[in-house]
Amino acid sequence: MILTDTHTHLYSSQYQEDRNEMIQRAIEIGVSRFFIPAIDSTYTQKMYDLEAQFPENIFLMMGLHPTYVKENYLEELAHVEAQLAKRKFYAVGEIGMDLFWDKTFLKEQQYVFQHQIQLAKKNQLAINIHCRDAFDETFEVLESEKANDLFGIFHCFTGDLVQAERAISLGLKLGIGGVATFKNGKIDQFLKNIDLKHIVLETDSPYLAPFPHRGKRNESSYTLLVAQKLAEIYNVPVVEIARITTENSSAVFGI
């Protein structure tokens, strides 16, 4: 059984003491592919170091995270473009809109999001979308870029059924993680209405650990817990969840 964690921040300082052991735990239970989203230029070398250490398992994205869109956003975009021109990546991400903490850079976030979608199209890459308290703003940008060459993953999807169907109509798969196991997560109530061909697994570790680890540090081995929850929702074996979601991730990332 091969499980794929389509979104994990393995470079996080929360793994400083046991990073290798944590990754090995995941590999041993079948989570053998880890897709690593970028945040900003300060994390780039950490991503490359991870890839060098686990070349068969680590797959990198490149992008500027919306909450890191600040006064220097043009410099950060230039870094993203330079990296994309220099080597292979598997997606442009994580990119999108985040209005949870601060709306100061709303216009800049919109510009950066749209510009990075265009970079993904130029490089024939998937996008990996971050959206927090910004569904309307996120969809506004996505609709403006709707095309056959727009595809990717709506990471950590927490919307409703209508929003899920809207994301799918734009060529996006839904990244499902620990929230599906929360009693108040709500997405478990309608997921069975979404065909599994539109679903991929993720952890967003070290954040959003699934039940029974909620509130603690998340890790990629918990991808299995998400798969088990989906097996319960869809009433199919876990191995089938693993097979379908891994095939879906392969289609997105071109692996």
# chains A, B, ... in the order shown; residues from 1 in each chain; ligands from 1
$ closest_atom_pairs --of "segment 118-203 of chain A" --to "segment 232-236 of chain A" --cutoff "12 Å" --atoms "only C-alpha atoms" --output "JSON lines"
{"residue": "A:Ala180", "atom": "CA", "partner": "A:Ile233", "partner_atom": "CA", "distance": 9.6}
{"residue": "A:Thr181", "atom": "CA", "partner": "A:Ile233", "partner_atom": "CA", "distance": 10.3}
{"residue": "A:Ile187", "atom": "CA", "partner": "A:Ile233", "partner_atom": "CA", "distance": 10.6}
{"residue": "A:Asp188", "atom": "CA", "partner": "A:Ile233", "partner_atom": "CA", "distance": 7.1}
{"residue": "A:Gln189", "atom": "CA", "partner": "A:Ile233", "partner_atom": "CA", "distance": 8.7}
{"residue": "A:Phe190", "atom": "CA", "partner": "A:Ile233", "partner_atom": "CA", "distance": 9.3}
{"residue": "A:Leu191", "atom": "CA", "partner": "A:Ile233", "partner_atom": "CA", "distance": 7.4}
{"residue": "A:Lys192", "atom": "CA", "partner": "A:Tyr234", "partner_atom": "CA", "distance": 5.7}
{"residue": "A:Asn193", "atom": "CA", "partner": "A:Tyr234", "partner_atom": "CA", "distance": 9.2}
{"residue": "A:Ile194", "atom": "CA", "partner": "A:Tyr234", "partner_atom": "CA", "distance": 9.6}
{"residue": "A:Asp195", "atom": "CA", "partner": "A:Tyr234", "partner_atom": "CA", "distance": 9.4}
{"residue": "A:Leu196", "atom": "CA", "partner": "A:Tyr234", "partner_atom": "CA", "distance": 8.4}
{"residue": "A:Ile199", "atom": "CA", "partner": "A:Tyr234", "partner_atom": "CA", "distance": 11.7}
$ residues_around --residues "Tyr68 of chain A" --least-positions-apart "2" --cutoff "10 Å" --atoms "only C-alpha atoms" --output "PyMOL selection string"
chain A and resi 39-41+64-66+70-73+76+98+105+109
$ write_last_selection --atoms "C-alpha atoms" --output "PDB file, in the first residue's frame"
ATOM      1  CA  ILE A  39       6.701  29.418   2.045  1.00  0.00           C
ATOM      2  CA  ASP A  40       9.243  32.065   1.088  1.00  0.00           C
ATOM      3  CA  SER A  41      12.921  32.353   0.148  1.00  0.00           C
ATOM      4  CA  LEU A  64       5.247  32.398  -2.091  1.00  0.00           C
ATOM      5  CA  HIS A  65       2.764  31.706   0.709  1.00  0.00           C
ATOM      6  CA  PRO A  66       0.054  34.392   1.012  1.00  0.00           C
ATOM      7  CA  LYS A  70       4.772  41.726   2.549  1.00  0.00           C
ATOM      8  CA  GLU A  71       6.514  44.891   1.356  1.00  0.00           C
ATOM      9  CA  ASN A  72       9.205  42.797  -0.359  1.00  0.00           C
ATOM     10  CA  TYR A  73       6.742  40.701  -2.397  1.00  0.00           C
ATOM     11  CA  GLU A  76      10.113  37.158  -3.325  1.00  0.00           C
ATOM     12  CA  ASP A  98      -5.259  34.386   3.578  1.00  0.00           C
ATOM     13  CA  PHE A 105      -1.782  43.277   1.859  1.00  0.00           C
ATOM     14  CA  GLN A 109      -1.965  38.918  -2.201  1.00  0.00           C
TER      15      GLN A 109
END
$ atom_distance --atom1 "atom CA of Ala134 of chain A" --atom2 "atom CA of Asp102 of chain A"
11.3 Å
$ select_by_dssp --residues "segment 10-119 of chain A" --states "strand (DSSP E or B)" --output "PDB file with N, CA and C atoms, in the first residue's frame"
ATOM      1  N   VAL A  31       3.669   5.520   3.812  1.00  0.00           N
ATOM      2  CA  VAL A  31       3.647   6.901   3.313  1.00  0.00           C
ATOM      3  C   VAL A  31       5.020   7.167   2.721  1.00  0.00           C
ATOM      4  N   SER A  32       5.146   6.927   1.432  1.00  0.00           N
ATOM      5  CA  SER A  32       6.473   6.954   0.818  1.00  0.00           C
ATOM      6  C   SER A  32       6.704   8.153  -0.094  1.00  0.00           C
ATOM      7  N   ARG A  33       5.685   9.008  -0.257  1.00  0.00           N
ATOM      8  CA  ARG A  33       5.851  10.191  -1.108  1.00  0.00           C
ATOM      9  C   ARG A  33       5.380  11.424  -0.334  1.00  0.00           C
ATOM     10  N   PHE A  34       6.267  12.395  -0.265  1.00  0.00           N
ATOM     11  CA  PHE A  34       6.001  13.617   0.494  1.00  0.00           C
ATOM     12  C   PHE A  34       6.155  14.823  -0.436  1.00  0.00           C
ATOM     13  N   PHE A  35       5.108  15.605  -0.568  1.00  0.00           N
ATOM     14  CA  PHE A  35       5.170  16.808  -1.396  1.00  0.00           C
ATOM     15  C   PHE A  35       5.297  18.018  -0.476  1.00  0.00           C
ATOM     16  N   ILE A  36       6.340  18.803  -0.726  1.00  0.00           N
ATOM     17  CA  ILE A  36       6.757  19.860   0.190  1.00  0.00           C
ATOM     18  C   ILE A  36       6.441  21.228  -0.394  1.00  0.00           C
ATOM     19  N   ILE A  58      11.067  12.738  -1.466  1.00  0.00           N
ATOM     20  CA  ILE A  58      10.733  14.150  -1.336  1.00  0.00           C
ATOM     21  C   ILE A  58      10.537  14.787  -2.704  1.00  0.00           C
ATOM     22  N   PHE A  59       9.414  15.504  -2.861  1.00  0.00           N
ATOM     23  CA  PHE A  59       9.090  16.196  -4.111  1.00  0.00           C
ATOM     24  C   PHE A  59       8.741  17.645  -3.771  1.00  0.00           C
ATOM     25  N   LEU A  60       9.439  18.575  -4.364  1.00  0.00           N
ATOM     26  CA  LEU A  60       9.345  19.970  -3.963  1.00  0.00           C
ATOM     27  C   LEU A  60       8.418  20.808  -4.827  1.00  0.00           C
ATOM     28  N   MET A  62       7.441  25.142  -5.444  1.00  0.00           N
ATOM     29  CA  MET A  62       8.053  26.455  -5.296  1.00  0.00           C
ATOM     30  C   MET A  62       6.957  27.509  -5.366  1.00  0.00           C
ATOM     31  N   ALA A  91       5.050  21.510  -8.506  1.00  0.00           N
ATOM     32  CA  ALA A  91       3.891  22.394  -8.430  1.00  0.00           C
ATOM     33  C   ALA A  91       4.358  23.790  -8.035  1.00  0.00           C
ATOM     34  N   VAL A  92       3.495  24.756  -8.245  1.00  0.00           N
ATOM     35  CA  VAL A  92       3.706  26.100  -7.729  1.00  0.00           C
ATOM     36  C   VAL A  92       2.833  26.230  -6.492  1.00  0.00           C
ATOM     37  N   GLY A  93       3.456  26.326  -5.334  1.00  0.00           N
ATOM     38  CA  GLY A  93       2.682  26.352  -4.109  1.00  0.00           C
ATOM     39  C   GLY A  93       3.549  26.473  -2.872  1.00  0.00           C
ATOM     40  N   GLU A  94       3.019  26.833  -1.700  1.00  0.00           N
ATOM     41  CA  GLU A  94       1.588  27.006  -1.679  1.00  0.00           C
ATOM     42  C   GLU A  94       1.264  28.473  -1.896  1.00  0.00           C
ATOM     43  N   ILE A  95       0.258  28.704  -2.684  1.00  0.00           N
ATOM     44  CA  ILE A  95      -0.112  30.053  -3.090  1.00  0.00           C
ATOM     45  C   ILE A  95      -1.602  30.257  -2.821  1.00  0.00           C
ATOM     46  N   GLY A  96      -2.037  31.498  -2.782  1.00  0.00           N
ATOM     47  CA  GLY A  96      -3.470  31.711  -2.576  1.00  0.00           C
ATOM     48  C   GLY A  96      -3.759  32.987  -1.830  1.00  0.00           C
ATOM     49  N   MET A  97      -4.775  32.909  -0.947  1.00  0.00           N
ATOM     50  CA  MET A  97      -5.259  34.068  -0.202  1.00  0.00           C
ATOM     51  C   MET A  97      -5.455  33.694   1.263  1.00  0.00           C
ATOM     52  N   ASP A  98      -5.059  34.599   2.148  1.00  0.00           N
ATOM     53  CA  ASP A  98      -5.259  34.386   3.578  1.00  0.00           C
ATOM     54  C   ASP A  98      -5.596  35.721   4.223  1.00  0.00           C
TER      55      ASP A  98
END
$ select_by_dssp --residues "segment 6-136 of chain A" --states "alpha helix (DSSP H)" --output "VMD selection string"
chain A and resid 19 to 28 44 to 53 73 to 86 106 to 122 135 to 136
$ residues_around --residues "Ile176 of chain A" --least-positions-apart "6" --cutoff "8 Å" --atoms "only C-alpha atoms" --output "PyMOL selection string"
chain A and resi 155-157+199-203+226
$ write_last_selection --atoms "N, CA and C atoms" --output "PDB file, in the first residue's frame"
ATOM      1  N   HIS A 155      -5.637  22.887  -1.318  1.00  0.00           N
ATOM      2  CA  HIS A 155      -5.047  22.337  -0.097  1.00  0.00           C
ATOM      3  C   HIS A 155      -5.910  22.604   1.130  1.00  0.00           C
ATOM      4  N   CYS A 156      -5.946  21.617   2.026  1.00  0.00           N
ATOM      5  CA  CYS A 156      -6.663  21.720   3.302  1.00  0.00           C
ATOM      6  C   CYS A 156      -8.075  22.263   3.089  1.00  0.00           C
ATOM      7  N   PHE A 157      -8.812  21.603   2.231  1.00  0.00           N
ATOM      8  CA  PHE A 157     -10.139  22.108   1.897  1.00  0.00           C
ATOM      9  C   PHE A 157     -11.061  22.048   3.120  1.00  0.00           C
ATOM     10  N   ILE A 199     -10.187  13.519  -4.934  1.00  0.00           N
ATOM     11  CA  ILE A 199      -9.631  13.625  -3.587  1.00  0.00           C
ATOM     12  C   ILE A 199      -8.161  13.221  -3.550  1.00  0.00           C
ATOM     13  N   VAL A 200      -7.365  13.984  -2.809  1.00  0.00           N
ATOM     14  CA  VAL A 200      -6.008  13.565  -2.459  1.00  0.00           C
ATOM     15  C   VAL A 200      -5.842  13.713  -0.947  1.00  0.00           C
ATOM     16  N   LEU A 201      -4.874  12.982  -0.400  1.00  0.00           N
ATOM     17  CA  LEU A 201      -4.618  13.011   1.038  1.00  0.00           C
ATOM     18  C   LEU A 201      -3.492  13.990   1.366  1.00  0.00           C
ATOM     19  N   GLU A 202      -3.559  14.540   2.568  1.00  0.00           N
ATOM     20  CA  GLU A 202      -2.487  15.415   3.040  1.00  0.00           C
ATOM     21  C   GLU A 202      -2.531  15.450   4.563  1.00  0.00           C
ATOM     22  N   THR A 203      -1.458  15.976   5.153  1.00  0.00           N
ATOM     23  CA  THR A 203      -1.467  16.193   6.599  1.00  0.00           C
ATOM     24  C   THR A 203      -1.376  17.673   6.955  1.00  0.00           C
ATOM     25  N   VAL A 226      -6.004   9.662   8.198  1.00  0.00           N
ATOM     26  CA  VAL A 226      -6.918  10.342   7.275  1.00  0.00           C
ATOM     27  C   VAL A 226      -7.495   9.328   6.290  1.00  0.00           C
TER      28      VAL A 226
END
$ closest_residue --among "A:Ile241, A:Cys131, A:Ile23, A:Ala82" --to "Leu224 of chain A" --atoms "only C-alpha atoms"
A:Ile241
